[in-house]
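What follows is a set of notes on a single structure, which appears directly below.
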Amino acid sequence: MTKTKYQKVPCRLERNLAWLRPFRSFPLVRLGSNHDGGYVIPAQTLDYIDGVLSFGIDRNWSFESDLRSIRPRLPLHAYDHTIHERFFYRELRKHWIRFFVFKCSWAELLQAKKTLADFRQAFSGNAVHYRQRITNRPESVSDVDFSLALQRLSGCRNLSVKIDIEGDEFRILPQILAHANFISVLVVEFHETGVLRETFRYWVQRIQKKFYLAHLHANNGGGLFKDNLPEFLEMTFVRGQPPSQRRNLHLPVRGIDYPNVASRPDYAVSWI
């Protein structure tokens, strides 16, 4: 089989962004799809994490499904207020109606049926989906803060936490860091790294006081800021000290990273 070759847009970063250079960690593994929805963590962390908190799943829970396939008994709680099992059930019902009036193809109907079945399988047993919004200031029963999410996984001391909540990550990072001793792996997709540069720098450097940066991937779904830093960055942090002081100066990592948007060139990040 011929391997797909992805085009890349060079992003050469200045030395003042050296704090974004990831350490060369243990062997990395990709969980989830090869494009949007997949994330990278050190493989060895799969042996000792004892629970998962996932904030933001939308229609792509491939990361969570891959985790469950490797660790079936691992308790996993996912939070996303925009979707629910009834949401996908209603979509399937609409497709059935449209199919009988010739406004929907058989393939579209089957896809809607598969989506509902996949959701039910992904969030069953020890994996639970909460139709709630993660926030720093809960205003109703539809909201939850990190402290309550952590209480629901009582007994877990080495959590893997994934955050992909479209720009609201900065709101919950204070609570995340307040409970850093319960977190072994922290995966964050940062948004607006150019416009919110000082906020982004502040929180990443705060995280780095307790975690080391194990991986960085530039999400090609966003643009580039004036200094060539991609606007969307997927970053993986691991609690403790890095296994080596060597750093990766050229990204993405072959065989691990793929463009989030398959139809666009990926970003090739390096440092001057």
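In the structure tokens, the first chain shown is A, the next is B, and so on; residue numbers restart at 1 for each chain, and ligands run from 1 in the order shown.
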Spatial neighbours of segment 158-171 of chain A, max dist 6 Å, only C-alpha atoms, sep filter under 6 positions, as number ranges by chain: A: 49-56, 136, 182-189, 191
DSSP-assigned helix (DSSP H, G or I) among segment 30-98 of chain A, expressed as a PyMOL selection string: chain A and resi 43-47+62-70+85-98
Strand (DSSP E or B) residues, from DSSP on the backbone, in segment 40-267 of chain A, as number ranges by chain: A: 40-42, 51-55, 76-79, 127-130, 133-134, 143-144, 159-163, 183-190, 211-218, 224, 230, 233-239, 247, 250-251, 266-267
Residue neighbourhood Trp19 of chain A, 9 Å, only C-alpha atoms, exclusion window fewer than 2 positions, as a VMD selection string: chain A and resid 15 to 17 21 to 22 201 204 to 205
Selected residues, all heavy atoms, written as a PDB file, in the first residue's frame, please.
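Below is the file out.pdb, written as the result:
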```
ATOM      1  N   ARG A  15      13.517  32.147  18.939  1.00  0.00           N
ATOM      2  CA  ARG A  15      13.978  31.582  20.203  1.00  0.00           C
ATOM      3  C   ARG A  15      13.129  32.022  21.393  1.00  0.00           C
ATOM      4  O   ARG A  15      13.112  31.361  22.430  1.00  0.00           O
ATOM      5  CB  ARG A  15      15.443  31.965  20.446  1.00  0.00           C
ATOM      6  CG  ARG A  15      16.410  31.296  19.476  1.00  0.00           C
ATOM      7  CD  ARG A  15      17.851  31.629  19.810  1.00  0.00           C
ATOM      8  NE  ARG A  15      18.768  31.011  18.860  1.00  0.00           N
ATOM      9  CZ  ARG A  15      19.255  29.788  18.966  1.00  0.00           C
ATOM     10  NH1 ARG A  15      18.887  29.042  20.001  1.00  0.00           N
ATOM     11  NH2 ARG A  15      20.082  29.300  18.063  1.00  0.00           N
ATOM     12  N   ASN A  16      12.418  33.149  21.250  1.00  0.00           N
ATOM     13  CA  ASN A  16      11.582  33.592  22.370  1.00  0.00           C
ATOM     14  C   ASN A  16      10.379  32.672  22.593  1.00  0.00           C
ATOM     15  O   ASN A  16       9.652  32.821  23.568  1.00  0.00           O
ATOM     16  CB  ASN A  16      11.120  35.038  22.158  1.00  0.00           C
ATOM     17  CG  ASN A  16      10.195  35.186  20.963  1.00  0.00           C
ATOM     18  OD1 ASN A  16      10.253  34.389  20.026  1.00  0.00           O
ATOM     19  ND2 ASN A  16       9.361  36.196  20.984  1.00  0.00           N
ATOM     20  N   LEU A  17      10.191  31.705  21.682  1.00  0.00           N
ATOM     21  CA  LEU A  17       9.147  30.697  21.848  1.00  0.00           C
ATOM     22  C   LEU A  17       9.735  29.328  22.205  1.00  0.00           C
ATOM     23  O   LEU A  17       9.091  28.304  22.039  1.00  0.00           O
ATOM     24  CB  LEU A  17       8.306  30.592  20.579  1.00  0.00           C
ATOM     25  CG  LEU A  17       7.468  31.834  20.233  1.00  0.00           C
ATOM     26  CD1 LEU A  17       6.824  31.683  18.859  1.00  0.00           C
ATOM     27  CD2 LEU A  17       6.400  32.070  21.287  1.00  0.00           C
ATOM     28  N   ARG A  21       9.099  24.135  23.104  1.00  0.00           N
ATOM     29  CA  ARG A  21       9.792  22.949  22.601  1.00  0.00           C
ATOM     30  C   ARG A  21       9.485  21.752  23.501  1.00  0.00           C
ATOM     31  O   ARG A  21       9.788  21.770  24.692  1.00  0.00           O
ATOM     32  CB  ARG A  21      11.303  23.179  22.582  1.00  0.00           C
ATOM     33  CG  ARG A  21      11.780  24.270  21.629  1.00  0.00           C
ATOM     34  CD  ARG A  21      13.263  24.538  21.857  1.00  0.00           C
ATOM     35  NE  ARG A  21      13.784  25.516  20.922  1.00  0.00           N
ATOM     36  CZ  ARG A  21      15.006  26.051  21.015  1.00  0.00           C
ATOM     37  NH1 ARG A  21      15.806  25.685  22.022  1.00  0.00           N
ATOM     38  NH2 ARG A  21      15.420  26.937  20.131  1.00  0.00           N
ATOM     39  N   PRO A  22       8.921  20.693  22.968  1.00  0.00           N
ATOM     40  CA  PRO A  22       8.621  19.521  23.800  1.00  0.00           C
ATOM     41  C   PRO A  22       9.863  18.687  24.078  1.00  0.00           C
ATOM     42  O   PRO A  22      10.779  18.603  23.251  1.00  0.00           O
ATOM     43  CB  PRO A  22       7.620  18.735  22.960  1.00  0.00           C
ATOM     44  CG  PRO A  22       7.926  19.123  21.551  1.00  0.00           C
ATOM     45  CD  PRO A  22       8.420  20.549  21.586  1.00  0.00           C
ATOM     46  N   ARG A 201       0.717  32.150  27.194  1.00  0.00           N
ATOM     47  CA  ARG A 201       2.055  31.982  27.763  1.00  0.00           C
ATOM     48  C   ARG A 201       1.977  31.784  29.284  1.00  0.00           C
ATOM     49  O   ARG A 201       2.641  30.900  29.838  1.00  0.00           O
ATOM     50  CB  ARG A 201       2.914  33.201  27.444  1.00  0.00           C
ATOM     51  CG  ARG A 201       4.365  33.090  27.974  1.00  0.00           C
ATOM     52  CD  ARG A 201       5.005  34.464  28.039  1.00  0.00           C
ATOM     53  NE  ARG A 201       5.019  35.097  26.747  1.00  0.00           N
ATOM     54  CZ  ARG A 201       6.003  34.976  25.851  1.00  0.00           C
ATOM     55  NH1 ARG A 201       7.056  34.235  26.151  1.00  0.00           N
ATOM     56  NH2 ARG A 201       5.947  35.607  24.705  1.00  0.00           N
ATOM     57  N   VAL A 204       0.532  28.202  30.133  1.00  0.00           N
ATOM     58  CA  VAL A 204       1.434  27.109  29.762  1.00  0.00           C
ATOM     59  C   VAL A 204       2.629  27.067  30.709  1.00  0.00           C
ATOM     60  O   VAL A 204       3.036  25.990  31.180  1.00  0.00           O
ATOM     61  CB  VAL A 204       1.902  27.252  28.301  1.00  0.00           C
ATOM     62  CG1 VAL A 204       3.055  26.289  28.011  1.00  0.00           C
ATOM     63  CG2 VAL A 204       0.749  26.972  27.349  1.00  0.00           C
ATOM     64  N   GLN A 205       3.180  28.210  31.033  1.00  0.00           N
ATOM     65  CA  GLN A 205       4.327  28.227  31.933  1.00  0.00           C
ATOM     66  C   GLN A 205       3.942  27.874  33.361  1.00  0.00           C
ATOM     67  O   GLN A 205       4.750  27.309  34.100  1.00  0.00           O
ATOM     68  CB  GLN A 205       5.025  29.586  31.845  1.00  0.00           C
ATOM     69  CG  GLN A 205       5.676  29.799  30.475  1.00  0.00           C
ATOM     70  CD  GLN A 205       6.416  31.109  30.342  1.00  0.00           C
ATOM     71  OE1 GLN A 205       6.229  32.045  31.127  1.00  0.00           O
ATOM     72  NE2 GLN A 205       7.269  31.213  29.329  1.00  0.00           N
TER      73      GLN A 205
END
```
Residue nearest Glu64 of chain A - candidates A:Leu31, A:Cys156, A:Val269, A:Leu213, atoms counted: only C-alpha atoms: A:Leu31
Segment 174-179 of chain A environment, 9 Å, only C-alpha atoms, sequence neighbours closer than 4 positions dropped, as an mmCIF file with C-alpha atoms, in the first residue's frame:
```cif
data_model
loop_
_atom_site.group_PDB
_atom_site.id
_atom_site.type_symbol
_atom_site.label_atom_id
_atom_site.label_comp_id
_atom_site.auth_asym_id
_atom_site.auth_seq_id
_atom_site.Cartn_x
_atom_site.Cartn_y
_atom_site.Cartn_z
ATOM 1 C CA ASN A 136 -15.249 27.562 36.387
ATOM 2 C CA ASP A 145 -16.818 22.533 37.624
ATOM 3 C CA PHE A 146 -13.651 20.478 37.781
ATOM 4 C CA SER A 147 -13.943 19.830 41.506
ATOM 5 C CA LEU A 150 -13.127 14.957 40.144
ATOM 6 C CA PHE A 170 -8.310 29.140 30.063
ATOM 7 C CA ILE A 183 -3.475 14.285 37.222
ATOM 8 C CA TRP A 203 -0.944 29.339 31.698
ATOM 9 C CA ARG A 206 2.221 27.696 35.044
ATOM 10 C CA ILE A 207 1.473 24.149 33.866
ATOM 11 C CA LYS A 210 4.328 20.735 37.655
#
```
Shortest interatomic distance to His35 of chain A - which of A:Asn228, A:Gln208, A:Thr115, A:Asn220, counting only C-alpha atoms: A:Asn220
Atom pair atom CA of Ala78 of chain A / atom CA of Ile57 of chain A: separation (Å): 7.4 Å
Close residues, Ala43 of chain A itself excluded, 7 Å, only C-alpha atoms, min 4 positions apart in chain, as a ChimeraX atom specification: /A:27-29
Atom pair atom CA of Ser33 of chain A / atom CA of Leu224 of chain A: separation (Å): 23.8 Å
